[in-house]
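Working notes, structure below.
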Amino acid sequence: MVVRANPVCWLLMMDIKRYTNLSRELVPNDLSLKVGAWLRQCRDAVESSGGVVDKFLGDAIFAYWKNTAEAPALVARALRQLIEFQQQRDPYFRDPGQSRRTSNASAALAINGGRIPSMPG
């Protein structure tokens, strides 16, 4: 078995909280449009800061940044953009013509930096 060296990188996982409630309140087409718009906004924040979106997992996004001298500043920039987006109260989850947010939809975000075990092959 060949094991590669443990790389150092930054990982981000972000998903929609209370997605099940949201999915019950919206018709499938509206849900798809709103979640798609939210995922694009998150992808744009990650990619504009040098990150790579590795996977979209339903209502979640998994991304990473390779560890470079610039990585901490780039990750911080992405986090500021994602937090600002959240503080804008996720306009993509507003009901058309209404001031309240559907299901109080919001996002959960986790970030980790450090050594990541590599899988063989």
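Naming works like this for the structure tokens: A, B, ... for the chains as they're shown, residue 1 at the start of each chain, ligands 1 onward in shown order.
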
Next on the checklist: Need to verify the contact set: Met13 (chain A), 6 Å, only C-alpha atoms, exclusion of same-chain residues closer than 4 positions in sequence. Can you return it as a VMD selection string?
Outcome noted: chain A and resid 61 to 62 109 to 110

Output C-alpha atoms for every residue in that selection, as a compact mmCIF listing (two decimals), in the first residue's frame.
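The file below, out.txt, is the result:
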# COMPACT_ATOMS: atom_id res chain seq x y z
CA ILE A 61 -21.17 22.68 -0.71
CA PHE A 62 -17.74 21.17 -0.02
CA LEU A 109 -20.66 26.83 7.88
CA ALA A 110 -17.62 24.89 9.09

Item to check | Residue set, region 43-96 of chain A restricted to helix (DSSP H, G or I), as an MDAnalysis selection string | outcome: chainID A and resid 43:47 71:87 91:93

Next on the checklist: To one decimal place in Å, what is the distance between CA of Ala60 (chain A) and CA of Ile16 (chain A)?
Outcome noted: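 A separation of 6.6 Å between them.
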
Checklist entry - What does the distance from CA of Gln88 (chain A) to CA of Lys34 (chain A) come to in Å, to one decimal? => result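 The value is 15.1 Å.
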
Item to check | Residue among A:Leu39, A:Ala45, A:Val27, A:Val8 lying closest to Ile83 (chain A), counting only C-alpha atoms | outcome: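 Once distances to Ile83 (chain A) are computed over only C-alpha atoms, the minimum belongs to A:Ala45.
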
Checklist entry - Rounded to one decimal in Å, what is the spacing between CA of Ala76 (chain A) and CA of Ala37 (chain A)? => result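 These two atoms are separated by 22.4 Å.
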
Next on the checklist: With only C-alpha atoms as the counted atoms, please give the residues lying no more than 9 Å from Val75 (chain A), apart from itself and same-chain residues fewer than 2 positions off, as a list in words.
Outcome noted: Trp10, Val46, Ser49, Gly50, Gly51, Trp65, Glu70, Ala71, Pro72, Ala73, Arg77, Ala78, Leu79 and Arg80 of chain A

Output N, CA and C atoms of each residue in that selection to a file, as a PDB file, in the first residue's frame.
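The resulting file, out-v8.pdb, is shown below:
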ATOM      1  N   TRP A  10      -7.085  23.883   3.479  1.00  0.00           N
ATOM      2  CA  TRP A  10      -8.249  24.432   4.173  1.00  0.00           C
ATOM      3  C   TRP A  10      -9.495  23.782   3.588  1.00  0.00           C
ATOM      4  N   VAL A  46     -16.353  31.268  -3.042  1.00  0.00           N
ATOM      5  CA  VAL A  46     -15.209  30.357  -2.909  1.00  0.00           C
ATOM      6  C   VAL A  46     -14.242  30.547  -4.068  1.00  0.00           C
ATOM      7  N   SER A  49     -12.078  33.646  -4.435  1.00  0.00           N
ATOM      8  CA  SER A  49     -11.003  33.747  -3.451  1.00  0.00           C
ATOM      9  C   SER A  49      -9.966  32.634  -3.619  1.00  0.00           C
ATOM     10  N   GLY A  50      -9.951  32.016  -4.787  1.00  0.00           N
ATOM     11  CA  GLY A  50      -8.931  31.007  -5.067  1.00  0.00           C
ATOM     12  C   GLY A  50      -9.254  29.616  -4.583  1.00  0.00           C
ATOM     13  N   GLY A  51     -10.444  29.400  -4.052  1.00  0.00           N
ATOM     14  CA  GLY A  51     -10.845  28.074  -3.588  1.00  0.00           C
ATOM     15  C   GLY A  51     -11.389  27.232  -4.723  1.00  0.00           C
ATOM     16  N   TRP A  65      -9.074  24.917  -0.245  1.00  0.00           N
ATOM     17  CA  TRP A  65      -7.994  25.786  -0.706  1.00  0.00           C
ATOM     18  C   TRP A  65      -6.694  25.056  -0.419  1.00  0.00           C
ATOM     19  N   GLU A  70      -0.635  32.707   0.605  1.00  0.00           N
ATOM     20  CA  GLU A  70      -1.805  33.587   0.491  1.00  0.00           C
ATOM     21  C   GLU A  70      -3.084  32.952   1.021  1.00  0.00           C
ATOM     22  N   ALA A  71      -3.077  31.650   1.264  1.00  0.00           N
ATOM     23  CA  ALA A  71      -4.305  30.928   1.614  1.00  0.00           C
ATOM     24  C   ALA A  71      -5.050  31.517   2.804  1.00  0.00           C
ATOM     25  N   PRO A  72      -4.408  31.824   3.923  1.00  0.00           N
ATOM     26  CA  PRO A  72      -5.194  32.365   5.048  1.00  0.00           C
ATOM     27  C   PRO A  72      -5.980  33.629   4.685  1.00  0.00           C
ATOM     28  N   ALA A  73      -5.374  34.522   3.935  1.00  0.00           N
ATOM     29  CA  ALA A  73      -6.077  35.748   3.535  1.00  0.00           C
ATOM     30  C   ALA A  73      -7.201  35.438   2.552  1.00  0.00           C
ATOM     31  N   ARG A  77     -11.175  36.012   3.149  1.00  0.00           N
ATOM     32  CA  ARG A  77     -12.004  36.788   2.216  1.00  0.00           C
ATOM     33  C   ARG A  77     -13.276  36.022   1.855  1.00  0.00           C
ATOM     34  N   ALA A  78     -13.133  34.735   1.570  1.00  0.00           N
ATOM     35  CA  ALA A  78     -14.312  33.917   1.247  1.00  0.00           C
ATOM     36  C   ALA A  78     -15.271  33.863   2.426  1.00  0.00           C
ATOM     37  N   LEU A  79     -14.738  33.686   3.626  1.00  0.00           N
ATOM     38  CA  LEU A  79     -15.593  33.630   4.810  1.00  0.00           C
ATOM     39  C   LEU A  79     -16.333  34.944   5.020  1.00  0.00           C
ATOM     40  N   ARG A  80     -15.642  36.065   4.819  1.00  0.00           N
ATOM     41  CA  ARG A  80     -16.318  37.372   4.941  1.00  0.00           C
ATOM     42  C   ARG A  80     -17.470  37.468   3.940  1.00  0.00           C
TER      43      ARG A  80
END

Checklist entry - Contacts of Ala63 (chain A) at 10 Å or less, counting only C-alpha atoms, minus same-chain residues fewer than 5 places along, as a PyMOL selection string? => result chain A and resi 10-14+42-43+46-47+51-56+111

Item to check | For Val35 (chain A), the nearest of the candidates A:Ile116, A:Leu22, A:Ala108, A:Cys9, counting only C-alpha atoms | outcome: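 Among the listed residues, A:Leu22 lies closest to Val35 (chain A).
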
Next on the checklist: Let me make sure I understand: among A:Asn112, A:Thr20, A:Leu82, A:Leu74, which one has the smallest atom-to-atom distance to Gly58 (chain A) if we use only C-alpha atoms?
Outcome noted: A:Thr20

Next on the checklist: Using DSSP secondary structure from the backbone, list all strand (DSSP E) positions within region 17-108 of chain A, as a ChimeraX atom specification.
Outcome noted: /A:17,52-57,60-66,106-108

For the residues in that selection, give me N, CA and C atoms as a short mmCIF file (atom, residue, chain, number, x, y, z; two decimals), in the first residue's frame.
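File part-v2.cif, as written:
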data_model
loop_
_atom_site.label_atom_id
_atom_site.label_comp_id
_atom_site.auth_asym_id
_atom_site.auth_seq_id
_atom_site.Cartn_x
_atom_site.Cartn_y
_atom_site.Cartn_z
N LYS A 17 -29.56 25.20 6.66
CA LYS A 17 -30.22 24.71 7.87
C LYS A 17 -31.74 24.69 7.62
N VAL A 52 -11.54 25.95 -4.45
CA VAL A 52 -12.06 25.00 -5.42
C VAL A 52 -13.29 24.34 -4.82
N VAL A 53 -14.42 24.40 -5.52
CA VAL A 53 -15.60 23.66 -5.08
C VAL A 53 -15.41 22.22 -5.53
N ASP A 54 -15.30 21.33 -4.55
CA ASP A 54 -15.06 19.93 -4.85
C ASP A 54 -16.35 19.19 -5.14
N LYS A 55 -17.39 19.48 -4.35
CA LYS A 55 -18.65 18.76 -4.51
C LYS A 55 -19.82 19.65 -4.10
N PHE A 56 -20.93 19.44 -4.78
CA PHE A 56 -22.23 19.92 -4.32
C PHE A 56 -22.93 18.67 -3.80
N LEU A 57 -23.39 18.71 -2.57
CA LEU A 57 -24.01 17.55 -1.93
C LEU A 57 -25.44 17.92 -1.54
N ALA A 60 -25.76 21.25 0.13
CA ALA A 60 -24.47 21.59 0.76
C ALA A 60 -23.39 21.79 -0.29
N ILE A 61 -22.32 22.44 0.15
CA ILE A 61 -21.17 22.68 -0.71
C ILE A 61 -19.92 22.27 0.06
N PHE A 62 -19.02 21.58 -0.61
CA PHE A 62 -17.74 21.17 -0.02
C PHE A 62 -16.65 21.78 -0.89
N ALA A 63 -15.76 22.56 -0.26
CA ALA A 63 -14.72 23.27 -1.00
C ALA A 63 -13.40 23.18 -0.27
N TYR A 64 -12.32 23.52 -0.99
CA TYR A 64 -11.00 23.52 -0.36
C TYR A 64 -10.10 24.57 -0.99
N TRP A 65 -9.07 24.92 -0.25
CA TRP A 65 -7.99 25.79 -0.71
C TRP A 65 -6.69 25.06 -0.42
N LYS A 66 -5.78 25.04 -1.38
CA LYS A 66 -4.45 24.50 -1.13
C LYS A 66 -3.72 25.48 -0.22
N SER A 106 -31.42 29.46 6.81
CA SER A 106 -30.11 30.07 6.99
C SER A 106 -29.07 29.00 6.67
N ALA A 107 -27.83 29.33 6.88
CA ALA A 107 -26.78 28.39 6.52
C ALA A 107 -25.89 28.08 7.71
N ALA A 108 -25.35 26.88 7.71
CA ALA A 108 -24.34 26.47 8.68
C ALA A 108 -23.03 26.34 7.92
#
